[in-house]
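Novice: Supplied in structure tokens, the structure appears directly below.
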Amino acid sequence: MKIETKKSKLEVEGMTCANCAAGIKKHLEKKGLQDVTVNFSTSEASWVNDKNQDKNDVAKTIISLGYKIKSSLKEDEKGLSKVEKYFYFTLIFTLPLFSHMFFPKGSIIQNPLLQFILCIPVYIIGVSYFGKSAWGSIKTGVPNMDVLIFTGSSAAFFYSIYGWLINYGTPAVHHYLFFETSATIITLVLLGNVLEHKSVKKTTTAIGDLTAIQKVIAKKEIDGKITEVNFEDIRVNDILVSNSGDKIPTDGIIISGTSYIDESMITGESIPINKAEGDEVIGGSIITDGNLKIKATKIGDETLLSQIIGLVKNAQNNKPNIQKIGDQVSAVFVPFVLTISLATFFIGHYFFNIEIQDAFLRSIAVLVISCPCAMGLATPTAVMVGIGRAAKNGILIKGGDTLEKLASIKTIVFDKTGTLTTGKFIVSQFTVLDGDENDVKNIIYNIEQHSSHPIAKSLCNVLHENSSLLKLTDITEEKGISISANIDDNVYTIGSSKIYSSSEKYDLCVLKNKKLIATLNISDELKKNTDLVISSLHKRGYTTTLLSGDKKEKCNQIASELEIKKTYAEQLPQDKIEKIEKLVSSNKTAMVGDGINDAPALARATIGISLGNATQIAIQSADVVLLNNEDLSQLPQTMQIGKHTLLTIKQNLFWAFAYNFVAIPIAIMGLLNPMWGALFMAFSDIIVIGNSIRLRYKNIF
């Protein structure tokens, strides 16, 4: 199942906030790269593969902006991270420097030279960490939060040196010393970054959990001998041996053995499934009972689990419209705050006669209390958690904008066959009008093998016994209507009653050279819990509609049983498109379907929802794929995840805007010390990220 376009990727070190990612993205797009995604949460930059764009050139571009590229061979850091080391180092010097406020004049800690010596190491760390990041962001054209932090701490540092030299040896010198302000700002913001990075990692736990499933040692059979190999070393057509309790190493097909397999970590289906020779298996699922030999059919990035991981990593692809608000404000926020800070100093001192020290502190407080990062993190962290939670429940959501659209859906349209019903049909009536019954059955079996329609599959399952191979030519299928083939110079056509004009209506007619030779009536069964799923959707205020190519009588029967109020029956693929377009024009509409004839309608709906066992074209046309094929229980979960993710984004953006809207005026009025401002700023991000993490645990189903 192909879910995403093949991309090149690099791991980027040194991004300190969402604006850093935005700056790198903007710069790479200027270089001509297509479909660029830079993810602050996962520290990854990706773009669509282009033979004209060398990966090393992209790496050099990112390095030129002040960031580093992590080698794929480099092991994950153990122990303290760089930002943690910086924080603990600066804390050693900041604590005694900060404590000078609690000692009387004349104490050694009040000595300007000692304060300068204590501040120097902290400021050097500030230049190394915040200064480099600030300069890099300015080069990208998207100034980040570090510009404000570096400007504020530098202003306090150099103003203290100026005041010390101008008033050297006089009692007034202490009124000009703000070394502790400079050091405390740097240390507190480093503390905030430590907490922020730890919190951001928690928003990507779904990636870690899914990757852990993939880390498996496979038992490979070579000339009758068993050899252990890593997941990365498995090749297509390798024969793998798995026993009770083992994880299945990769996607494949069973060539011998039977077992019960737990696929809950992939599909959300908690009951183990019995599988035998010829059945497909999913890498990462667990054998609860039995022993298997499996031939690998998909490896590496082609496996379902790898594509799920990629989907979650690229959760910020196709950003929600609501994120554009935060992005637009963040893009102009830093220049705006720098302007406000300068205006606070000059207007306060020269027009309102505020003392220069007080005006200066107010100006610095404006810089350090402001936080564009909270706006930048509001949407991507919530999207990451929402898509991760969906993936762990067997729901694949393609892009952050899909979550936003899910929250707006009012109408849900269902295909019938294979979606509401199992797709397994029983032949309730079979009448042969001309010819031998067994010969007609064999003709139907041979022709229907060339169709992927659920009815065709069911007929083949029913008629495969006592069948024999026939030579077919000129096979033609008209989607949703009929399939025909030439056998021994006779044209046989199997299709709905539309292909034969008769006063009596049958589910299927069989024609030989346009003459009716047999009729079939069939019946299908509802998937388990379908009535509960539809009832749940009705209780949540959704309008449901049945849209099917099946006969009106059968559609009405299903709709009545499920209390679906609106039904469109006997619809051809082009009819389905027209109906969907009409519904979308009045309400945001989701379409749930699984067949080739549903693909155009899935693409035209506000949201297309397909099933894991659907046709490839239906999966590619859909925005959401439900991996549990047994029932539709994942559908209400999908809608709820969409609603609550959008709610979380709105809460995050409200906090981010409200915080800055309230905090900046407080700083301008002189009611906020810069050191407290740094502390509040550091924790504003934590509140946004924490609210996103809450989405992972809250009860929404």
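Residues in the structure tokens are numbered from 1 in each chain, the chains being A, B, ... in the order shown, and ligands are numbered from 1 in the order shown.
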Give me the residues within 8 Å of Thr379 (chain A) as a list in words, counting only C-alpha atoms and dropping any in the same chain fewer than 6 places off.
Specialist: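 Result of the neighbour search: Ile322, Gln323, Ile649, Asn652 and Leu653 of chain A.
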Novice: If we count only C-alpha atoms, what is near Lys698 (chain A) at a cut-off of 12 Å, once residues fewer than 4 positions away on the same chain are taken out, given as a short mmCIF file (atom, residue, chain, number, x, y, z; two decimals) with all heavy atoms, in the first residue's frame?
Specialist:
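And here's part_12.cif as it stands now:
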data_model
loop_
_atom_site.label_atom_id
_atom_site.label_comp_id
_atom_site.auth_asym_id
_atom_site.auth_seq_id
_atom_site.Cartn_x
_atom_site.Cartn_y
_atom_site.Cartn_z
N VAL A 385 0.49 14.63 17.83
CA VAL A 385 -0.14 13.75 18.81
C VAL A 385 -1.41 13.13 18.24
O VAL A 385 -1.66 11.93 18.40
CB VAL A 385 -0.46 14.51 20.11
CG1 VAL A 385 -1.23 13.62 21.08
CG2 VAL A 385 0.83 14.99 20.78
N GLY A 386 -2.22 13.94 17.55
CA GLY A 386 -3.47 13.44 16.98
C GLY A 386 -3.24 12.34 15.96
O GLY A 386 -3.87 11.27 16.02
N ARG A 389 -1.85 9.23 17.71
CA ARG A 389 -2.88 8.47 18.43
C ARG A 389 -3.74 7.68 17.43
O ARG A 389 -4.10 6.53 17.68
CB ARG A 389 -3.76 9.41 19.25
CG ARG A 389 -4.85 8.67 20.03
CD ARG A 389 -5.49 9.53 21.08
NE ARG A 389 -6.49 8.76 21.82
CZ ARG A 389 -7.16 9.22 22.87
NH1 ARG A 389 -6.91 10.44 23.34
NH2 ARG A 389 -8.05 8.46 23.50
N GLN A 640 -13.78 11.58 16.07
CA GLN A 640 -13.49 12.18 17.38
C GLN A 640 -12.06 12.68 17.47
O GLN A 640 -11.80 13.75 18.04
CB GLN A 640 -13.76 11.15 18.49
CG GLN A 640 -15.23 10.88 18.76
CD GLN A 640 -15.96 12.14 19.22
OE1 GLN A 640 -16.63 12.82 18.43
NE2 GLN A 640 -15.83 12.46 20.49
N ILE A 641 -11.12 11.92 16.90
CA ILE A 641 -9.72 12.38 16.91
C ILE A 641 -9.61 13.69 16.13
O ILE A 641 -8.91 14.62 16.56
CB ILE A 641 -8.80 11.30 16.30
CG1 ILE A 641 -8.66 10.13 17.29
CG2 ILE A 641 -7.42 11.87 15.97
CD1 ILE A 641 -7.91 8.94 16.74
N HIS A 644 -11.21 16.57 18.36
CA HIS A 644 -10.44 16.93 19.56
C HIS A 644 -9.06 17.49 19.21
O HIS A 644 -8.52 18.28 19.98
CB HIS A 644 -10.33 15.72 20.49
CG HIS A 644 -11.57 15.47 21.28
ND1 HIS A 644 -11.79 16.03 22.52
CD2 HIS A 644 -12.69 14.77 21.01
CE1 HIS A 644 -12.97 15.66 22.98
NE2 HIS A 644 -13.54 14.89 22.08
N THR A 645 -8.51 17.09 18.07
CA THR A 645 -7.24 17.68 17.65
C THR A 645 -7.45 19.15 17.29
O THR A 645 -6.66 20.01 17.70
CB THR A 645 -6.65 16.93 16.44
OG1 THR A 645 -6.45 15.56 16.79
CG2 THR A 645 -5.32 17.53 16.03
N THR A 648 -7.86 21.10 20.43
CA THR A 648 -6.56 21.31 21.09
C THR A 648 -5.77 22.42 20.40
O THR A 648 -5.15 23.26 21.07
CB THR A 648 -5.75 19.99 21.07
OG1 THR A 648 -6.50 18.98 21.75
CG2 THR A 648 -4.41 20.17 21.76
N ASN A 691 -0.55 20.79 26.73
CA ASN A 691 -1.94 20.64 26.31
C ASN A 691 -2.05 19.69 25.13
O ASN A 691 -3.01 18.91 25.02
CB ASN A 691 -2.52 22.00 25.95
CG ASN A 691 -4.03 21.96 25.75
OD1 ASN A 691 -4.76 21.39 26.57
ND2 ASN A 691 -4.51 22.53 24.66
N SER A 692 -1.05 19.73 24.24
CA SER A 692 -1.04 18.79 23.11
C SER A 692 -0.85 17.36 23.59
O SER A 692 -1.51 16.44 23.12
CB SER A 692 0.08 19.16 22.12
OG SER A 692 -0.17 20.41 21.52
N ILE A 693 0.05 17.17 24.55
CA ILE A 693 0.30 15.83 25.09
C ILE A 693 -0.96 15.28 25.75
O ILE A 693 -1.24 14.08 25.70
CB ILE A 693 1.48 15.86 26.08
CG1 ILE A 693 2.79 16.18 25.33
CG2 ILE A 693 1.62 14.53 26.82
CD1 ILE A 693 3.96 16.43 26.23
N ARG A 694 -1.74 16.17 26.35
CA ARG A 694 -2.98 15.75 27.02
C ARG A 694 -3.92 15.06 26.04
O ARG A 694 -4.69 14.16 26.42
CB ARG A 694 -3.65 16.99 27.63
CG ARG A 694 -4.80 16.70 28.57
CD ARG A 694 -5.24 17.99 29.25
NE ARG A 694 -5.80 18.92 28.31
CZ ARG A 694 -7.09 19.00 27.99
NH1 ARG A 694 -7.96 18.18 28.56
NH2 ARG A 694 -7.52 19.89 27.13
#
Novice: Env of Ile666 (chain A): 12 Å cut, atoms = only C-alpha atoms, seq-sep filter 6 positions within chain, self excluded. Answer as a ChimeraX atom specification.
Specialist: /A:344,362-363,365-366,369-370,659-660,672-674,676-677
Novice: Looking only at the backbone, which of the residues in region 95-273 of chain A does DSSP tag as strand (DSSP E), as an MDAnalysis selection string?
Specialist: chainID A and resid 217:222 225:230 239:242 252:256 259:262 273
Novice: Just the residues within 10 Å of Thr431 (chain A), please, counting only C-alpha atoms, with nothing from its chain fewer than 6 positions along; format it as a ChimeraX atom specification.
Specialist: /A:437,509,517-521
Novice: With N, CA and C atoms kept, could you save the residues just selected as a CSV table (one decimal), in the first residue's frame?
Specialist:
chain,number,residue,atom,x,y,z
A,437,GLU,N,-26.2,-26.5,-16.4
A,437,GLU,CA,-25.9,-25.6,-15.2
A,437,GLU,C,-24.5,-25.6,-14.8
A,509,CYS,N,-27.5,-11.0,-14.5
A,509,CYS,CA,-28.0,-11.7,-15.7
A,509,CYS,C,-26.7,-12.2,-16.4
A,517,ILE,N,-29.3,-16.4,-20.7
A,517,ILE,CA,-29.2,-17.8,-20.5
A,517,ILE,C,-29.2,-18.2,-19.0
A,518,ALA,N,-29.1,-17.2,-18.1
A,518,ALA,CA,-29.1,-17.5,-16.6
A,518,ALA,C,-29.4,-16.3,-15.8
A,519,THR,N,-29.9,-16.4,-14.7
A,519,THR,CA,-30.2,-15.3,-13.8
A,519,THR,C,-29.7,-15.7,-12.4
A,520,LEU,N,-29.3,-14.7,-11.6
A,520,LEU,CA,-28.9,-14.9,-10.2
A,520,LEU,C,-29.5,-13.9,-9.3
A,521,ASN,N,-29.9,-14.3,-8.1
A,521,ASN,CA,-30.2,-13.3,-7.1
A,521,ASN,C,-29.3,-13.6,-5.9
Novice: May I have the residues within 7 Å of region 485-490 of chain A as a PDB file with N, CA, C and O atoms, in the first residue's frame, using only C-alpha atoms and disregarding those fewer than 2 positions away in the same chain?
Specialist:
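See part.pdb below for the written result:
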ATOM      1  N   ILE A 447     -14.959 -15.955 -15.972  1.00  0.00           N
ATOM      2  CA  ILE A 447     -15.057 -14.529 -16.320  1.00  0.00           C
ATOM      3  C   ILE A 447     -14.893 -13.642 -15.093  1.00  0.00           C
ATOM      4  O   ILE A 447     -14.147 -12.653 -15.106  1.00  0.00           O
ATOM      5  N   LYS A 471     -10.382 -20.790 -22.036  1.00  0.00           N
ATOM      6  CA  LYS A 471      -9.604 -19.775 -22.740  1.00  0.00           C
ATOM      7  C   LYS A 471     -10.489 -18.569 -23.038  1.00  0.00           C
ATOM      8  O   LYS A 471     -11.484 -18.671 -23.755  1.00  0.00           O
ATOM      9  N   LEU A 472     -10.124 -17.410 -22.462  1.00  0.00           N
ATOM     10  CA  LEU A 472     -10.910 -16.179 -22.615  1.00  0.00           C
ATOM     11  C   LEU A 472     -10.135 -15.173 -23.451  1.00  0.00           C
ATOM     12  O   LEU A 472      -8.905 -15.040 -23.316  1.00  0.00           O
ATOM     13  N   THR A 473     -10.841 -14.443 -24.274  1.00  0.00           N
ATOM     14  CA  THR A 473     -10.250 -13.331 -25.031  1.00  0.00           C
ATOM     15  C   THR A 473     -11.196 -12.133 -24.968  1.00  0.00           C
ATOM     16  O   THR A 473     -12.364 -12.263 -24.619  1.00  0.00           O
ATOM     17  N   ASP A 474     -10.654 -10.973 -25.307  1.00  0.00           N
ATOM     18  CA  ASP A 474     -11.461  -9.735 -25.375  1.00  0.00           C
ATOM     19  C   ASP A 474     -12.234  -9.486 -24.073  1.00  0.00           C
ATOM     20  O   ASP A 474     -13.442  -9.203 -24.088  1.00  0.00           O
ATOM     21  N   ILE A 475     -11.533  -9.598 -22.949  1.00  0.00           N
ATOM     22  CA  ILE A 475     -12.184  -9.355 -21.647  1.00  0.00           C
ATOM     23  C   ILE A 475     -12.389  -7.851 -21.470  1.00  0.00           C
ATOM     24  O   ILE A 475     -11.445  -7.070 -21.580  1.00  0.00           O
ATOM     25  N   THR A 476     -13.631  -7.464 -21.214  1.00  0.00           N
ATOM     26  CA  THR A 476     -13.959  -6.040 -21.058  1.00  0.00           C
ATOM     27  C   THR A 476     -14.845  -5.861 -19.835  1.00  0.00           C
ATOM     28  O   THR A 476     -15.846  -6.569 -19.677  1.00  0.00           O
ATOM     29  N   TYR A 492     -19.895 -13.770 -23.920  1.00  0.00           N
ATOM     30  CA  TYR A 492     -20.667 -13.924 -22.692  1.00  0.00           C
ATOM     31  C   TYR A 492     -20.544 -12.635 -21.873  1.00  0.00           C
ATOM     32  O   TYR A 492     -19.442 -12.091 -21.718  1.00  0.00           O
ATOM     33  N   THR A 493     -21.679 -12.173 -21.366  1.00  0.00           N
ATOM     34  CA  THR A 493     -21.718 -10.937 -20.563  1.00  0.00           C
ATOM     35  C   THR A 493     -22.435 -11.214 -19.250  1.00  0.00           C
ATOM     36  O   THR A 493     -23.520 -11.808 -19.249  1.00  0.00           O
ATOM     37  N   LYS A 512     -25.525 -14.767 -23.435  1.00  0.00           N
ATOM     38  CA  LYS A 512     -24.682 -15.395 -24.451  1.00  0.00           C
ATOM     39  C   LYS A 512     -25.083 -14.810 -25.791  1.00  0.00           C
ATOM     40  O   LYS A 512     -26.214 -15.001 -26.247  1.00  0.00           O
ATOM     41  N   ASN A 513     -24.153 -14.051 -26.350  1.00  0.00           N
ATOM     42  CA  ASN A 513     -24.458 -13.355 -27.606  1.00  0.00           C
ATOM     43  C   ASN A 513     -25.743 -12.537 -27.488  1.00  0.00           C
ATOM     44  O   ASN A 513     -26.644 -12.595 -28.339  1.00  0.00           O
TER      45      ASN A 513
END
Novice: Within 12 Å of region 557-563 of chain A, counting only C-alpha atoms, which residues show up once you throw out same-chain ones fewer than 6 positions away? Write them as a PyMOL selection string, please.
Specialist: chain A and resi 413-417+419-421+523-527+529-538+543-548+550-551+569
Novice: I'd like to know which of A:Gly126, A:Gly612, A:Gly14, A:Gly169 is closest to Tyr86 (chain A), using only C-alpha atoms.
Specialist: A:Gly126
Novice: Excluding region 302-304 of chain A and residues on its chain fewer than 4 positions from it, collect all residues at most 7 Å away from it, counting only C-alpha atoms, and give them as a list in words.
Specialist: Met1, Thr250, Asp251, Lys298 and Ile308 of chain A
Novice: Any chance you can output those residues with all heavy atoms as a PDB file, in the first residue's frame?
Specialist:
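To be explicit, this is the file written out as result-v5.pdb:
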ATOM      1  N   MET A   1       0.852  -1.193   0.000  1.00  0.00           N
ATOM      2  CA  MET A   1       0.000   0.000   0.000  1.00  0.00           C
ATOM      3  C   MET A   1       0.882   1.234   0.000  1.00  0.00           C
ATOM      4  O   MET A   1       1.639   1.476   0.929  1.00  0.00           O
ATOM      5  CB  MET A   1      -0.879   0.006   1.252  1.00  0.00           C
ATOM      6  CG  MET A   1      -1.808   1.175   1.321  1.00  0.00           C
ATOM      7  SD  MET A   1      -2.960   1.015   2.685  1.00  0.00           S
ATOM      8  CE  MET A   1      -1.898   1.310   4.072  1.00  0.00           C
ATOM      9  N   THR A 250       8.570  -8.852   8.699  1.00  0.00           N
ATOM     10  CA  THR A 250       8.247  -7.940   7.601  1.00  0.00           C
ATOM     11  C   THR A 250       6.972  -8.413   6.911  1.00  0.00           C
ATOM     12  O   THR A 250       6.490  -9.518   7.178  1.00  0.00           O
ATOM     13  CB  THR A 250       9.415  -7.864   6.591  1.00  0.00           C
ATOM     14  OG1 THR A 250       9.209  -6.777   5.693  1.00  0.00           O
ATOM     15  CG2 THR A 250       9.569  -9.166   5.816  1.00  0.00           C
ATOM     16  N   ASP A 251       6.428  -7.598   6.033  1.00  0.00           N
ATOM     17  CA  ASP A 251       5.232  -8.005   5.297  1.00  0.00           C
ATOM     18  C   ASP A 251       5.563  -9.195   4.393  1.00  0.00           C
ATOM     19  O   ASP A 251       6.624  -9.226   3.748  1.00  0.00           O
ATOM     20  CB  ASP A 251       4.731  -6.850   4.419  1.00  0.00           C
ATOM     21  CG  ASP A 251       4.225  -5.681   5.237  1.00  0.00           C
ATOM     22  OD1 ASP A 251       4.314  -5.744   6.481  1.00  0.00           O
ATOM     23  OD2 ASP A 251       3.742  -4.702   4.640  1.00  0.00           O
ATOM     24  N   LYS A 298       7.486  -7.531   0.993  1.00  0.00           N
ATOM     25  CA  LYS A 298       7.809  -6.106   1.074  1.00  0.00           C
ATOM     26  C   LYS A 298       8.853  -5.904   2.164  1.00  0.00           C
ATOM     27  O   LYS A 298       8.784  -6.537   3.221  1.00  0.00           O
ATOM     28  CB  LYS A 298       6.564  -5.265   1.388  1.00  0.00           C
ATOM     29  CG  LYS A 298       5.532  -5.261   0.271  1.00  0.00           C
ATOM     30  CD  LYS A 298       4.327  -4.420   0.641  1.00  0.00           C
ATOM     31  CE  LYS A 298       3.284  -4.435  -0.472  1.00  0.00           C
ATOM     32  NZ  LYS A 298       2.078  -3.666  -0.109  1.00  0.00           N
ATOM     33  N   ILE A 308       3.433   3.666   7.862  1.00  0.00           N
ATOM     34  CA  ILE A 308       2.710   4.292   8.971  1.00  0.00           C
ATOM     35  C   ILE A 308       3.650   5.232   9.720  1.00  0.00           C
ATOM     36  O   ILE A 308       3.294   6.368  10.062  1.00  0.00           O
ATOM     37  CB  ILE A 308       2.135   3.230   9.921  1.00  0.00           C
ATOM     38  CG1 ILE A 308       1.050   2.407   9.228  1.00  0.00           C
ATOM     39  CG2 ILE A 308       1.556   3.882  11.177  1.00  0.00           C
ATOM     40  CD1 ILE A 308       0.547   1.228  10.043  1.00  0.00           C
TER      41      ILE A 308
END
Novice: DSSP on the backbone: what in region 406-511 of chain A comes out alpha helix (DSSP H), as an MDAnalysis selection string?
Specialist: chainID A and resid 406:408 437:448 454:463
Novice: Each residue of region 339-454 of chain A with at least one atom at most 9 Å from region 19-37 of chain A should appear once, together with its nearest atom pair and the corresponding distance in Å (one decimal); atoms considered: only C-alpha atoms; ordering: chain, then increasing residue number; output as JSON lines.
Specialist:
{"residue": "A:Pro372", "atom": "CA", "partner": "A:Asn19", "partner_atom": "CA", "distance": 7.9}
{"residue": "A:Cys373", "atom": "CA", "partner": "A:Asn19", "partner_atom": "CA", "distance": 6.8}
{"residue": "A:Gly376", "atom": "CA", "partner": "A:Asn19", "partner_atom": "CA", "distance": 6.4}
{"residue": "A:Leu377", "atom": "CA", "partner": "A:Asn19", "partner_atom": "CA", "distance": 8.9}
Novice: Just all heavy atoms for this one: save the residues we selected as a short mmCIF file (atom, residue, chain, number, x, y, z; two decimals), in the first residue's frame.
Specialist:
data_model
loop_
_atom_site.label_atom_id
_atom_site.label_comp_id
_atom_site.auth_asym_id
_atom_site.auth_seq_id
_atom_site.Cartn_x
_atom_site.Cartn_y
_atom_site.Cartn_z
N PRO A 372 7.16 33.97 20.33
CA PRO A 372 6.58 33.50 19.06
C PRO A 372 6.55 31.98 18.98
O PRO A 372 5.81 31.40 18.20
CB PRO A 372 7.54 34.08 18.01
CG PRO A 372 8.84 34.23 18.73
CD PRO A 372 8.49 34.58 20.14
N CYS A 373 7.40 31.33 19.80
CA CYS A 373 7.49 29.86 19.74
C CYS A 373 6.16 29.20 20.08
O CYS A 373 5.81 28.17 19.50
CB CYS A 373 8.56 29.37 20.70
SG CYS A 373 9.87 28.49 19.86
N GLY A 376 4.16 29.06 17.12
CA GLY A 376 4.70 28.12 16.15
C GLY A 376 4.48 26.67 16.52
O GLY A 376 4.36 25.80 15.65
N LEU A 377 4.41 26.38 17.83
CA LEU A 377 4.25 25.01 18.30
C LEU A 377 2.79 24.60 18.48
O LEU A 377 2.49 23.41 18.60
CB LEU A 377 4.98 24.83 19.64
CG LEU A 377 6.51 24.86 19.61
CD1 LEU A 377 7.06 24.95 21.02
CD2 LEU A 377 7.06 23.64 18.90
#
Novice: Tell me which of A:Gly480, A:Gly541, A:Gly245, A:Gly549 sits closest to Met639 (chain A), counting only C-alpha atoms.
Specialist: A:Gly541
Novice: Kindly indicate which residue among A:Ala667, A:Val83, A:Val584, A:Ile395 lies nearest to Asn628 (chain A), using only C-alpha atoms for the distances.
Specialist: A:Ile395
Novice: When you draw a straight line from CA of Lys405 (chain A) to CA of Ile580 (chain A), how long is it in Å?
Specialist: 15.8 Å
